[in-house]
Amino acid sequence: MKRLLLIPVAATAIFLSGCLPSIGPKKEEVIQENDEKVEETVIIPEAQLKDDYYPTLLPFKKSASRGLVVNNIYTKYDIEEAEQGLLRLSTQHFDTKKYYFQEGQYIDTDTTRAWLSRSSTNAEGLNPPAAQGESEEEQPIFLAHIIEQNYLTLTDDKKLRLSGISIGLALNSVYYGKNGKETTIPDKELEQQGMKAAEEIVKRMRAKEGFQDIPIVVGLFKQQKRNAIVPGSYFATTLFDKGKTTPNGWKEVNEQYVLLPASSSIENYRDINTTYNNFKQDIDKYFPSFVNVVATGHFIDNRMQSLTITIPIQFFGKSETIGFTQFVTSKVKDYYKDIDVEVSITSVNGPEAVIIKKAADEEPFVHIYGY
């Protein structure tokens, strides 16, 4: 069994950065021109964790609309997936070996609020107008949030320039009215409204100086209900080519997160459930005071690509935690050989251990906290 020197749960945060400021002394200083035409020096660290991660510029620039996402997207699972899912869509158009990542700098807080408003309260609002009379039914708000990501390239004279933008539109699958009424928005309507909003947003961005020749990727994200314990997913994406205000054809994104045991709507659900139930039963037999296993599978094109498992325990001794972690590690190797698996073992005291097994690796990475 191997121990990590880097605590694996930090990988989620690292995913966005693609590199760490403290790794290695090598770095490259270049010039970036901001939206006010002011040049500033930025650093490109040479350390990159994986080829499919975007390098991030230093110092790190926070999003121009930072803070709004917490109020606009219901769950922490959707907040994370709306951003990470857009990164995955972006890799289809912006090569991680050529582009540098930066959080969105151009759709600021005031603009985001204006675009998310109802059209009856703000002329720039993209959501339906409010009901005019007491008897008129309230129309659902479908557009919940706008995520922007910037992708930059390096010129021959060592200057960074904006070369691509990705925009994620988080859409409500359920609208919670002021009267407490829950309204489920049909998928077809969500798709139509999302595509309409996408074209309007790109049209507005093209009208700004400097955005005429920038390719813009747009993804439509369906967020889950307020009490959901699995994230939503992107269901459609398109590319607006340089200078274009109409999309280059919308493509279906076949991704979803599923809480195991999976329902019959999932391909090969019987095999998936049998493997999971056997894994869970082995854990149940190991220790009777065990609480529960919560597992979420990430499916792409109807195939489970990765599995996230959380195991809350009631152990009191470090030796018990070590023994249990070793046991779970062996079961992960037995049952899940061809997919990525991350297991978090927790207690009332917080994280106890983490196990990460990549599909291509025979041996998992394991870290036991405080040991």
# chains A, B, ... in the order shown; residues from 1 in each chain; ligands from 1
$ residues_around --residues "Phe240 of chain A" --least-positions-apart "3" --cutoff "8 Å" --atoms "only C-alpha atoms" --output "list in words"
Val202, Pro215, Ile216, Val217, Val218, Gly243, Lys244, Thr245, Thr246, Pro247 and Asn248 of chain A
$ residues_around --residues "Ile355 of chain A" --least-positions-apart "5" --cutoff "7 Å" --atoms "only C-alpha atoms" --output "PyMOL selection string"
chain A and resi 329+342-344+364-367
$ select_by_dssp --residues "segment 255-342 of chain A" --states "strand (DSSP E)" --output "list in words"
Glu255, Gln256, Tyr257, Val258, Leu259, Val294, Ala295, Thr296, Gly297, His298, Phe299, Ile300, Arg303, Met304, Gln305, Ser306, Leu307, Thr308, Ile309, Thr310, Ile311, Pro312, Asp340, Val341 and Glu342 of chain A
$ write_last_selection --atoms "N, CA and C atoms" --output "PDB file, in the first residue's frame"
ATOM      1  N   GLU A 255     -24.167  13.017 -20.228  1.00  0.00           N
ATOM      2  CA  GLU A 255     -23.533  12.818 -18.928  1.00  0.00           C
ATOM      3  C   GLU A 255     -24.589  12.864 -17.835  1.00  0.00           C
ATOM      4  N   GLN A 256     -24.361  12.120 -16.777  1.00  0.00           N
ATOM      5  CA  GLN A 256     -25.236  12.211 -15.610  1.00  0.00           C
ATOM      6  C   GLN A 256     -24.554  11.589 -14.394  1.00  0.00           C
ATOM      7  N   TYR A 257     -24.991  12.039 -13.221  1.00  0.00           N
ATOM      8  CA  TYR A 257     -24.528  11.474 -11.960  1.00  0.00           C
ATOM      9  C   TYR A 257     -25.669  10.667 -11.357  1.00  0.00           C
ATOM     10  N   VAL A 258     -25.357   9.466 -10.906  1.00  0.00           N
ATOM     11  CA  VAL A 258     -26.392   8.544 -10.444  1.00  0.00           C
ATOM     12  C   VAL A 258     -26.033   8.026  -9.060  1.00  0.00           C
ATOM     13  N   LEU A 259     -27.001   8.094  -8.166  1.00  0.00           N
ATOM     14  CA  LEU A 259     -26.822   7.547  -6.827  1.00  0.00           C
ATOM     15  C   LEU A 259     -27.045   6.041  -6.884  1.00  0.00           C
ATOM     16  N   VAL A 294     -22.453   5.767   0.841  1.00  0.00           N
ATOM     17  CA  VAL A 294     -23.095   6.610  -0.160  1.00  0.00           C
ATOM     18  C   VAL A 294     -22.193   6.632  -1.385  1.00  0.00           C
ATOM     19  N   ALA A 295     -22.711   6.169  -2.520  1.00  0.00           N
ATOM     20  CA  ALA A 295     -21.902   6.071  -3.727  1.00  0.00           C
ATOM     21  C   ALA A 295     -22.588   6.774  -4.888  1.00  0.00           C
ATOM     22  N   THR A 296     -21.821   7.554  -5.619  1.00  0.00           N
ATOM     23  CA  THR A 296     -22.330   8.274  -6.781  1.00  0.00           C
ATOM     24  C   THR A 296     -21.472   7.943  -7.988  1.00  0.00           C
ATOM     25  N   GLY A 297     -22.117   7.466  -9.051  1.00  0.00           N
ATOM     26  CA  GLY A 297     -21.404   7.144 -10.279  1.00  0.00           C
ATOM     27  C   GLY A 297     -21.543   8.248 -11.310  1.00  0.00           C
ATOM     28  N   HIS A 298     -20.458   8.537 -12.000  1.00  0.00           N
ATOM     29  CA  HIS A 298     -20.474   9.524 -13.079  1.00  0.00           C
ATOM     30  C   HIS A 298     -20.494   8.762 -14.405  1.00  0.00           C
ATOM     31  N   PHE A 299     -21.580   8.959 -15.158  1.00  0.00           N
ATOM     32  CA  PHE A 299     -21.771   8.251 -16.415  1.00  0.00           C
ATOM     33  C   PHE A 299     -21.557   9.201 -17.588  1.00  0.00           C
ATOM     34  N   ILE A 300     -20.761   8.759 -18.565  1.00  0.00           N
ATOM     35  CA  ILE A 300     -20.557   9.482 -19.810  1.00  0.00           C
ATOM     36  C   ILE A 300     -20.870   8.517 -20.948  1.00  0.00           C
ATOM     37  N   ARG A 303     -21.839   4.977 -19.924  1.00  0.00           N
ATOM     38  CA  ARG A 303     -20.853   4.112 -19.280  1.00  0.00           C
ATOM     39  C   ARG A 303     -20.324   4.803 -18.036  1.00  0.00           C
ATOM     40  N   MET A 304     -20.282   4.056 -16.928  1.00  0.00           N
ATOM     41  CA  MET A 304     -19.782   4.632 -15.683  1.00  0.00           C
ATOM     42  C   MET A 304     -18.272   4.835 -15.781  1.00  0.00           C
ATOM     43  N   GLN A 305     -17.851   6.096 -15.682  1.00  0.00           N
ATOM     44  CA  GLN A 305     -16.443   6.448 -15.818  1.00  0.00           C
ATOM     45  C   GLN A 305     -15.744   6.548 -14.471  1.00  0.00           C
ATOM     46  N   SER A 306     -16.476   6.967 -13.462  1.00  0.00           N
ATOM     47  CA  SER A 306     -15.855   7.138 -12.149  1.00  0.00           C
ATOM     48  C   SER A 306     -16.903   6.920 -11.060  1.00  0.00           C
ATOM     49  N   LEU A 307     -16.399   6.654  -9.871  1.00  0.00           N
ATOM     50  CA  LEU A 307     -17.271   6.363  -8.731  1.00  0.00           C
ATOM     51  C   LEU A 307     -16.709   7.065  -7.501  1.00  0.00           C
ATOM     52  N   THR A 308     -17.573   7.814  -6.820  1.00  0.00           N
ATOM     53  CA  THR A 308     -17.199   8.485  -5.577  1.00  0.00           C
ATOM     54  C   THR A 308     -17.965   7.842  -4.433  1.00  0.00           C
ATOM     55  N   ILE A 309     -17.236   7.374  -3.427  1.00  0.00           N
ATOM     56  CA  ILE A 309     -17.846   6.651  -2.303  1.00  0.00           C
ATOM     57  C   ILE A 309     -17.500   7.365  -1.004  1.00  0.00           C
ATOM     58  N   THR A 310     -18.515   7.594  -0.183  1.00  0.00           N
ATOM     59  CA  THR A 310     -18.309   8.164   1.147  1.00  0.00           C
ATOM     60  C   THR A 310     -18.740   7.149   2.187  1.00  0.00           C
ATOM     61  N   ILE A 311     -17.857   6.887   3.160  1.00  0.00           N
ATOM     62  CA  ILE A 311     -18.142   5.898   4.205  1.00  0.00           C
ATOM     63  C   ILE A 311     -17.981   6.570   5.572  1.00  0.00           C
ATOM     64  N   PRO A 312     -19.077   6.913   6.226  1.00  0.00           N
ATOM     65  CA  PRO A 312     -18.976   7.431   7.595  1.00  0.00           C
ATOM     66  C   PRO A 312     -18.819   6.273   8.580  1.00  0.00           C
ATOM     67  N   ASP A 340     -12.264   4.903 -12.443  1.00  0.00           N
ATOM     68  CA  ASP A 340     -11.662   5.720 -11.397  1.00  0.00           C
ATOM     69  C   ASP A 340     -12.548   5.675 -10.153  1.00  0.00           C
ATOM     70  N   VAL A 341     -11.939   5.475  -8.997  1.00  0.00           N
ATOM     71  CA  VAL A 341     -12.688   5.385  -7.743  1.00  0.00           C
ATOM     72  C   VAL A 341     -12.024   6.272  -6.695  1.00  0.00           C
ATOM     73  N   GLU A 342     -12.838   7.034  -5.973  1.00  0.00           N
ATOM     74  CA  GLU A 342     -12.356   7.804  -4.833  1.00  0.00           C
ATOM     75  C   GLU A 342     -13.221   7.476  -3.622  1.00  0.00           C
TER      76      GLU A 342
END
$ closest_residue --among "A:Val42, A:Ala228, A:Val354, A:Ile313" --to "Val293 of chain A" --atoms "only C-alpha atoms"
A:Ile313
$ residues_around --residues "segment 187-200 of chain A" --least-positions-apart "6" --cutoff "12 Å" --atoms "only C-alpha atoms" --output "number ranges by chain"
A: 115-116, 124-128, 140-147, 166-175, 206-207, 216-223, 234-240, 244-252
$ atom_distance --atom1 "atom CA of Asn254 of chain A" --atom2 "atom CA of Ser90 of chain A"
15.4 Å
$ closest_residue --among "A:Val328, A:Lys242, A:Leu89, A:Tyr54" --to "Gln281 of chain A" --atoms "only C-alpha atoms"
A:Val328
$ residues_around --residues "Tyr99 of chain A" --least-positions-apart "5" --cutoff "8 Å" --atoms "only C-alpha atoms" --output "number ranges by chain"
A: 54-55, 94, 151-154
$ atom_distance --atom1 "atom CA of Thr275 of chain A" --atom2 "atom CA of Asp52 of chain A"
29.4 Å
$ select_by_dssp --residues "segment 291-355 of chain A" --states "helix (DSSP H, G or I)" --output "PyMOL selection string"
chain A and resi 318-335
$ atom_distance --atom1 "atom CA of Glu148 of chain A" --atom2 "atom CA of Gly104 of chain A"
4.5 Å
$ closest_residue --among "A:Lys280, A:Gly350, A:Lys333, A:Lys358" --to "Gln314 of chain A" --atoms "only C-alpha atoms"
A:Gly350
$ closest_residue --among "A:Leu68, A:Ala131, A:Leu162, A:Ile266" --to "Gln105 of chain A" --atoms "only C-alpha atoms"
A:Leu162
